[in-house]
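Structure below is input_21.cif: mmCIF, C-alpha atoms and all ligand atoms.
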data_query
loop_
_atom_site.label_atom_id
_atom_site.label_comp_id
_atom_site.auth_asym_id
_atom_site.auth_seq_id
_atom_site.Cartn_x
_atom_site.Cartn_y
_atom_site.Cartn_z
CA MET H 1 -31.03 -41.22 -37.95
CA PHE H 2 -28.00 -42.89 -36.44
CA TYR H 3 -26.53 -41.91 -33.15
CA LYS H 4 -24.47 -43.63 -30.51
CA LEU H 5 -24.64 -42.57 -26.89
CA ILE H 6 -21.80 -43.72 -24.64
CA LYS H 7 -22.50 -43.33 -20.92
CA ALA H 8 -19.51 -42.89 -18.64
CA ARG H 9 -20.12 -46.18 -16.83
CA GLU H 10 -20.07 -48.07 -20.16
CA SER H 11 -16.43 -47.24 -20.86
CA GLU H 12 -14.99 -50.46 -22.16
CA SER H 13 -11.66 -50.74 -20.47
CA VAL H 14 -8.98 -48.82 -18.68
CA TYR H 15 -5.26 -49.25 -19.26
CA GLU H 16 -3.36 -48.25 -16.17
CA ILE H 17 0.10 -47.01 -17.09
CA LYS H 18 2.13 -48.68 -14.43
CA GLY H 19 3.60 -46.62 -11.63
CA LYS H 20 2.95 -43.30 -13.34
CA GLY H 21 -0.46 -42.19 -12.06
CA SER H 22 -1.68 -42.24 -15.66
CA SER H 23 -4.35 -44.20 -17.49
CA ILE H 24 -6.01 -44.48 -20.87
CA VAL H 25 -9.76 -45.07 -20.90
CA LYS H 26 -11.07 -46.63 -24.08
CA LYS H 27 -14.45 -44.95 -24.52
CA TYR H 28 -15.50 -46.30 -27.88
CA HIS H 29 -14.14 -47.93 -30.99
CA ASP H 30 -15.42 -49.51 -34.17
CA ASP H 31 -13.91 -50.02 -37.63
CA VAL H 32 -13.50 -46.33 -38.43
CA LEU H 33 -13.57 -44.45 -35.16
CA GLN H 34 -11.98 -44.59 -31.76
CA VAL H 35 -12.47 -42.24 -28.84
CA SER H 36 -10.21 -42.45 -25.81
CA MET H 37 -9.55 -40.38 -22.72
CA TYR H 38 -5.97 -39.98 -21.53
CA ASN H 39 -5.41 -39.10 -17.87
CA LEU H 40 -1.74 -38.23 -17.68
CA SER H 41 0.46 -37.24 -14.76
CA GLU H 42 2.94 -34.36 -14.88
CA ASN H 43 6.09 -34.66 -17.00
CA ARG H 44 4.73 -37.57 -19.00
CA VAL H 45 5.78 -38.07 -22.61
CA LEU H 46 3.18 -39.28 -25.10
CA TYR H 47 4.34 -40.38 -28.55
CA ILE H 48 1.99 -39.82 -31.45
CA ASP H 49 2.72 -42.45 -34.07
CA PRO H 50 2.25 -41.55 -37.72
CA VAL H 51 -1.27 -42.03 -39.00
CA GLU H 52 -1.16 -44.89 -41.51
CA SER H 53 -3.24 -43.53 -44.37
CA ASP H 54 -3.92 -40.17 -46.05
CA ASP H 55 -7.59 -40.13 -45.14
CA SER H 56 -7.28 -40.89 -41.42
CA TYR H 57 -6.45 -38.46 -38.64
CA LYS H 58 -6.30 -38.06 -34.88
CA THR H 59 -7.36 -35.10 -32.77
CA TYR H 60 -6.10 -34.34 -29.28
CA TYR H 61 -8.45 -32.09 -27.35
CA ILE H 62 -7.09 -30.72 -24.09
CA LEU H 63 -9.76 -30.92 -21.37
CA SER H 64 -7.62 -29.91 -18.37
CA GLY H 65 -3.98 -29.19 -17.51
CA SER H 66 -1.38 -28.18 -20.07
CA CYS H 67 1.11 -29.86 -22.34
CA MET H 68 3.61 -29.02 -25.03
CA ILE H 69 4.25 -30.27 -28.56
CA PHE H 70 7.86 -31.09 -27.97
CA GLU H 71 9.13 -30.66 -31.53
CA THR H 72 7.76 -27.11 -31.91
CA GLU H 73 7.60 -26.09 -28.24
CA GLU H 74 4.00 -24.93 -28.74
CA ARG H 75 1.95 -25.07 -25.54
CA LEU H 76 -1.57 -26.46 -25.38
CA TYR H 77 -4.16 -25.45 -22.79
CA PRO H 78 -7.78 -26.47 -22.02
CA GLY H 79 -9.90 -26.03 -25.12
CA ASP H 80 -6.95 -26.29 -27.52
CA LEU H 81 -7.20 -28.88 -30.25
CA PHE H 82 -4.26 -30.61 -31.93
CA ILE H 83 -5.16 -32.29 -35.23
CA TYR H 84 -2.67 -34.83 -36.48
CA LYS H 85 -2.86 -35.91 -40.11
CA HIS H 86 -0.78 -38.33 -42.13
CA ARG H 87 2.94 -37.66 -41.82
CA SER H 88 6.09 -39.70 -41.53
CA GLU H 89 7.50 -38.47 -38.22
CA VAL H 90 6.58 -39.48 -34.70
CA GLN H 91 5.54 -36.43 -32.70
CA THR H 92 5.73 -35.99 -28.97
CA LEU H 93 3.38 -34.45 -26.43
CA LYS H 94 4.89 -33.67 -23.03
CA THR H 95 2.61 -32.84 -20.11
CA LEU H 96 3.57 -29.78 -18.08
CA GLU H 97 1.11 -30.64 -15.30
CA PRO H 98 -1.52 -33.36 -14.74
CA CYS H 99 -3.53 -33.41 -17.94
CA THR H 100 -6.74 -34.90 -19.33
CA ILE H 101 -6.84 -35.27 -23.10
CA MET H 102 -9.66 -36.56 -25.28
CA VAL H 103 -8.26 -38.42 -28.28
CA HIS H 104 -10.43 -39.03 -31.31
CA ALA H 105 -9.12 -41.01 -34.27
CA THR H 106 -10.66 -42.16 -37.51
CA LYS H 107 -9.80 -45.57 -38.95
CA TYR H 108 -9.33 -48.58 -36.77
CA ASP H 109 -5.62 -48.83 -37.56
CA ALA H 110 -5.02 -45.64 -35.59
CA TYR H 111 -6.58 -47.16 -32.50
CA LYS H 112 -4.85 -50.46 -33.10
CA THR H 113 -1.45 -48.77 -32.87
CA ILE H 114 -2.26 -47.51 -29.39
CA GLN H 115 -3.79 -50.79 -28.29
CA ASP H 116 -0.98 -52.98 -29.60
CA THR H 117 1.70 -50.78 -28.08
CA GLN H 118 -0.06 -50.66 -24.74
CA ASP H 119 -0.71 -54.41 -24.70
CA THR H 120 2.90 -55.11 -25.60
CA ILE H 121 4.23 -52.80 -22.93
CA ASN H 122 1.96 -54.28 -20.28
CA ARG H 123 2.79 -57.85 -21.19
CA LEU H 124 6.55 -57.42 -21.44
CA LEU H 125 6.78 -55.33 -18.29
CA GLY H 126 4.60 -57.89 -16.51
CA ASP H 127 7.00 -60.64 -17.60
CA ILE H 128 9.98 -58.73 -16.26
CA GLN H 129 8.21 -57.87 -13.00
CA ALA H 130 7.16 -61.50 -12.42
CA LYS H 131 10.64 -62.79 -13.10
CA ASP H 132 12.66 -60.26 -11.15
CA HIS H 133 11.08 -57.44 -9.20
CA TYR H 134 14.29 -55.39 -9.14
CA THR H 135 14.72 -55.46 -12.93
CA GLY H 136 11.13 -54.29 -13.47
CA GLU H 137 11.54 -51.31 -11.12
CA HIS H 138 15.06 -50.59 -12.41
CA SER H 139 13.75 -50.51 -16.00
CA MET H 140 11.19 -47.86 -15.11
CA ARG H 141 13.73 -45.72 -13.23
CA VAL H 142 16.23 -45.95 -16.10
CA TYR H 143 13.45 -45.03 -18.53
CA GLU H 144 12.72 -41.84 -16.54
CA LEU H 145 16.41 -40.91 -16.32
CA VAL H 146 17.04 -41.53 -20.02
CA LYS H 147 13.90 -39.68 -21.07
CA ASN H 148 14.80 -36.57 -19.05
CA LEU H 149 18.45 -36.59 -20.11
CA ALA H 150 17.66 -37.18 -23.79
CA ILE H 151 15.10 -34.37 -23.81
CA ARG H 152 17.66 -32.00 -22.28
CA MET H 153 20.15 -33.07 -24.95
CA GLY H 154 17.68 -32.14 -27.68
CA TYR H 155 16.38 -35.55 -28.73
CA LYS H 156 13.00 -35.34 -30.45
CA ALA H 157 10.49 -37.34 -32.46
CA LYS H 158 11.60 -40.80 -33.65
CA GLU H 159 15.06 -40.61 -32.03
CA LEU H 160 13.50 -39.82 -28.66
CA ASN H 161 11.01 -42.62 -29.16
CA ASN H 162 13.80 -45.10 -29.98
CA ILE H 163 16.03 -44.26 -27.02
CA THR H 164 13.19 -44.31 -24.47
CA LYS H 165 11.90 -47.66 -25.76
CA ALA H 166 15.44 -49.03 -25.53
CA ALA H 167 15.65 -47.74 -21.96
CA TYR H 168 12.42 -49.48 -20.97
CA TYR H 169 13.46 -52.82 -22.42
CA HIS H 170 17.24 -52.75 -22.08
CA ASP H 171 17.31 -55.68 -19.64
CA LEU H 172 14.48 -57.68 -21.19
CA GLY H 173 16.82 -60.60 -21.88
CA LYS H 174 17.13 -61.17 -18.11
CA ILE H 175 13.84 -63.06 -18.41
CA PHE H 176 16.02 -65.96 -19.61
CA ILE H 177 18.71 -65.72 -16.89
CA ASP H 178 18.65 -67.88 -13.78
CA ASP H 179 17.10 -66.12 -10.74
CA GLU H 180 19.83 -67.44 -8.45
CA ILE H 181 22.48 -65.72 -10.53
CA LEU H 182 20.54 -62.46 -10.92
CA ASN H 183 20.06 -62.15 -7.17
CA LYS H 184 23.13 -63.94 -5.84
CA PRO H 185 24.16 -62.25 -2.56
CA ASP H 186 27.91 -62.84 -3.21
CA LEU H 187 30.26 -61.80 -5.99
CA LEU H 188 29.60 -63.64 -9.23
CA THR H 189 31.98 -66.32 -10.51
CA ALA H 190 33.45 -65.83 -13.98
CA ASP H 191 30.98 -68.36 -15.45
CA GLU H 192 28.02 -66.70 -13.79
CA PHE H 193 29.08 -63.32 -15.12
CA GLU H 194 29.33 -64.84 -18.62
CA SER H 195 25.74 -66.03 -18.36
CA ILE H 196 24.53 -62.60 -17.19
CA LYS H 197 26.23 -61.05 -20.22
CA LEU H 198 23.93 -63.07 -22.46
CA HIS H 199 20.92 -60.93 -21.48
CA VAL H 200 22.01 -58.33 -24.03
CA THR H 201 21.65 -60.57 -27.06
CA LEU H 202 18.87 -62.73 -25.66
CA SER H 203 16.44 -59.85 -25.91
CA ARG H 204 16.90 -59.59 -29.69
CA GLU H 205 13.83 -61.59 -30.77
CA LEU H 206 11.56 -60.08 -28.13
CA VAL H 207 12.55 -56.56 -29.11
CA MET H 208 12.68 -57.05 -32.88
CA GLU H 209 9.17 -58.49 -32.88
CA HIS H 210 7.69 -55.24 -31.60
CA PHE H 211 10.15 -52.43 -32.28
CA ASN H 212 12.74 -51.53 -34.86
CA GLU H 213 16.41 -52.37 -35.49
CA LYS H 214 17.63 -49.10 -33.96
CA VAL H 215 15.96 -49.88 -30.62
CA PHE H 216 17.74 -53.22 -30.55
CA GLU H 217 21.11 -51.66 -31.54
CA ILE H 218 20.89 -49.28 -28.58
CA ILE H 219 20.01 -52.17 -26.26
CA GLU H 220 22.76 -54.35 -27.72
CA GLN H 221 25.38 -51.68 -26.91
CA HIS H 222 24.26 -50.66 -23.42
CA HIS H 223 27.11 -52.59 -21.77
CA GLU H 224 29.79 -51.47 -24.23
CA ARG H 225 32.37 -49.11 -22.71
CA LEU H 226 34.53 -46.36 -24.26
CA ASN H 227 37.76 -48.19 -23.33
CA GLY H 228 36.70 -51.40 -25.06
CA ARG H 229 36.20 -53.35 -21.83
CA GLY H 230 32.46 -53.67 -22.29
CA TYR H 231 30.44 -56.46 -23.90
CA PRO H 232 29.29 -58.21 -26.05
CA LYS H 233 31.57 -56.86 -28.82
CA GLY H 234 34.15 -54.78 -26.94
CA LEU H 235 33.38 -51.71 -29.07
CA THR H 236 35.31 -48.49 -28.41
CA GLY H 237 34.73 -44.71 -28.64
CA ASP H 238 32.72 -43.54 -31.64
CA ASP H 239 31.76 -47.08 -32.63
CA ILE H 240 29.29 -46.97 -29.75
CA LEU H 241 26.02 -45.17 -30.49
CA MET H 242 25.47 -41.94 -28.54
CA GLU H 243 22.07 -43.31 -27.46
CA ALA H 244 23.78 -46.39 -26.02
CA LYS H 245 26.22 -44.17 -24.10
CA ILE H 246 23.33 -42.19 -22.61
CA LEU H 247 21.59 -45.43 -21.64
CA ALA H 248 24.81 -46.84 -20.15
CA VAL H 249 25.30 -43.77 -17.93
CA CYS H 250 21.72 -43.85 -16.63
CA ASP H 251 21.79 -47.64 -16.20
CA SER H 252 25.03 -47.54 -14.19
CA PHE H 253 23.88 -44.58 -12.12
CA ASP H 254 20.70 -46.36 -11.07
CA ALA H 255 22.60 -49.57 -10.27
CA MET H 256 25.06 -47.63 -8.08
CA ILE H 257 22.47 -45.80 -5.97
CA THR H 258 20.04 -48.71 -5.48
CA ASP H 259 20.14 -51.23 -2.63
CA ARG H 260 20.52 -54.84 -3.79
CA VAL H 261 20.79 -58.13 -1.92
CA TYR H 262 24.55 -58.14 -2.52
CA LYS H 263 25.38 -54.48 -1.84
CA LYS H 264 24.06 -51.30 -0.28
CA GLY H 265 23.24 -48.42 -2.62
CA LYS H 266 25.70 -45.52 -2.62
CA GLY H 267 24.72 -41.99 -1.69
CA LEU H 268 24.87 -39.33 -4.40
CA ARG H 269 28.08 -37.90 -2.93
CA SER H 270 29.74 -41.21 -2.12
CA ARG H 271 33.21 -41.86 -3.57
CA ALA H 272 33.30 -45.49 -2.52
CA ARG H 273 33.79 -48.06 -5.30
CA SER H 274 32.28 -51.48 -5.72
CA LYS H 275 33.33 -54.37 -7.97
CA ASP H 276 29.76 -55.50 -8.47
CA TYR H 277 27.14 -53.29 -10.08
CA ARG H 278 24.81 -55.66 -11.88
CA CYS H 279 22.96 -53.23 -14.13
FE FE A 1 21.88 -54.69 -18.77
FE FE A 2 20.06 -52.35 -16.45
#

Written as structure tokens, that's how I'd like the structure from this file.
Amino acid sequence: MFYKLIKARESESVYEIKGKGSSIVKKYHDDVLQVSMYNLSENRVLYIDPVESDDSYKTYYILSGSCMIFETEERLYPGDLFIYKHRSEVQTLKTLEPCTIMVHATKYDAYKTIQDTQDTINRLLGDIQAKDHYTGEHSMRVYELVKNLAIRMGYKAKELNNITKAAYYHDLGKIFIDDEILNKPDLLTADEFESIKLHVTLSRELVMEHFNEKVFEIIEQHHERLNGRGYPKGLTGDDILMEAKILAVCDSFDAMITDRVYKKGKGLRSRARSKDYRC
């Protein structure tokens, strides 16, 4: 008779989800099975990627707290079980309060999706944080703003997944920009501003390696402006993706209200204008 007993102290590893009060504990995995425990804070969005093959599935068992399947608005409470079989669409779980969820998945590929995504997120965010503390924190704030705004606007499933990933990584290309320019206390020269502009296209390879074309398109357009004065292409009006417009608004808003070495953040009611919002 085969059995496998996993004691709590033998849990293999814990992924802390940075700055969110959330973590994923990997309890067990082998070639066909993975069991994980998700400890999620309130108002957290969890994307459920499609299961790769017909004969694999994932189950989400709610142990405490409550959450909602965003696409159908069905609410899940302790004891409820959500079984996710093969399908083409990303689905979204949104926590309504702090939540503990046991996730059980057959087939290693299902676990691998979670692990790869988490590893990628940790590594890329770590790179940003190490390079420029402001950009790391700014990325997380813009992610929260975009996520909440997009949800209110009715974004769901894959589209919600794309825009929130773009929000997280919109300034990834700043890894390649000189620190002295990023944090220069004075106004930028024209040449320095040109080099900052490059961060939009410099993130292409980093993003395309892990995500899809749509995520990069949103990122590529986050500094375009309706009047054509944005960059890198000077697009106007409807040529700019709606997702890029949402990201641009949240990005600019965060840049305006945050203190930087070269300017003091504006209050929410301030009407003062600045020539230098490096978002
Ligand atoms: Fe940017
Ligand atoms: Fe930004």

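Residue nearest Val32 (chain H) within the list H:Arg75, H:Lys245, H:His104, H:His86: H:His104 [criterion: smallest interatomic distance, all atoms listed in the file].
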
Contacts of chain H with ligand FE 1 (chain A) up to 10 Å, shortest pair per row, all atoms listed in the file, as CSV:
residue,atom,partner,partner_atom,distance
H:Thr135,CA,A:FE1,FE,9.3
H:Ser139,CA,A:FE1,FE,9.6
H:Ala167,CA,A:FE1,FE,9.9
H:Tyr169,CA,A:FE1,FE,9.4
H:His170,CA,A:FE1,FE,6.0
H:Asp171,CA,A:FE1,FE,4.8
H:Leu172,CA,A:FE1,FE,8.3
H:Gly173,CA,A:FE1,FE,8.4
H:Lys174,CA,A:FE1,FE,8.1
H:Ile196,CA,A:FE1,FE,8.5
H:Lys197,CA,A:FE1,FE,7.8
H:Leu198,CA,A:FE1,FE,9.4
H:His199,CA,A:FE1,FE,6.9
H:Val200,CA,A:FE1,FE,6.4
H:Ile219,CA,A:FE1,FE,8.1
H:Glu220,CA,A:FE1,FE,9.0
H:Gln221,CA,A:FE1,FE,9.4
H:His222,CA,A:FE1,FE,6.6
H:His223,CA,A:FE1,FE,6.4
H:Leu247,CA,A:FE1,FE,9.7
H:Ala248,CA,A:FE1,FE,8.5
H:Asp251,CA,A:FE1,FE,7.5
H:Ser252,CA,A:FE1,FE,9.1
H:Ala255,CA,A:FE1,FE,9.9
H:Arg278,CA,A:FE1,FE,7.5
H:Cys279,CA,A:FE1,FE,5.0

In Å to one decimal, how far is CA of Asn162 (chain H) from CA of Val207 (chain H)? 11.6 Å

Counting only C-alpha atoms and all ligand atoms, which of H:Tyr134, H:Tyr155, H:Tyr28, H:Tyr61 gets nearest to ligand FE 2 (chain A)? H:Tyr134

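Proximity to Leu81 (chain H) at 7 Å, evaluated using only C-alpha atoms and with sequence-adjacent residues fewer than 6 positions away removed, yields H:Thr59, H:Tyr60, H:Tyr61, H:Ile62.
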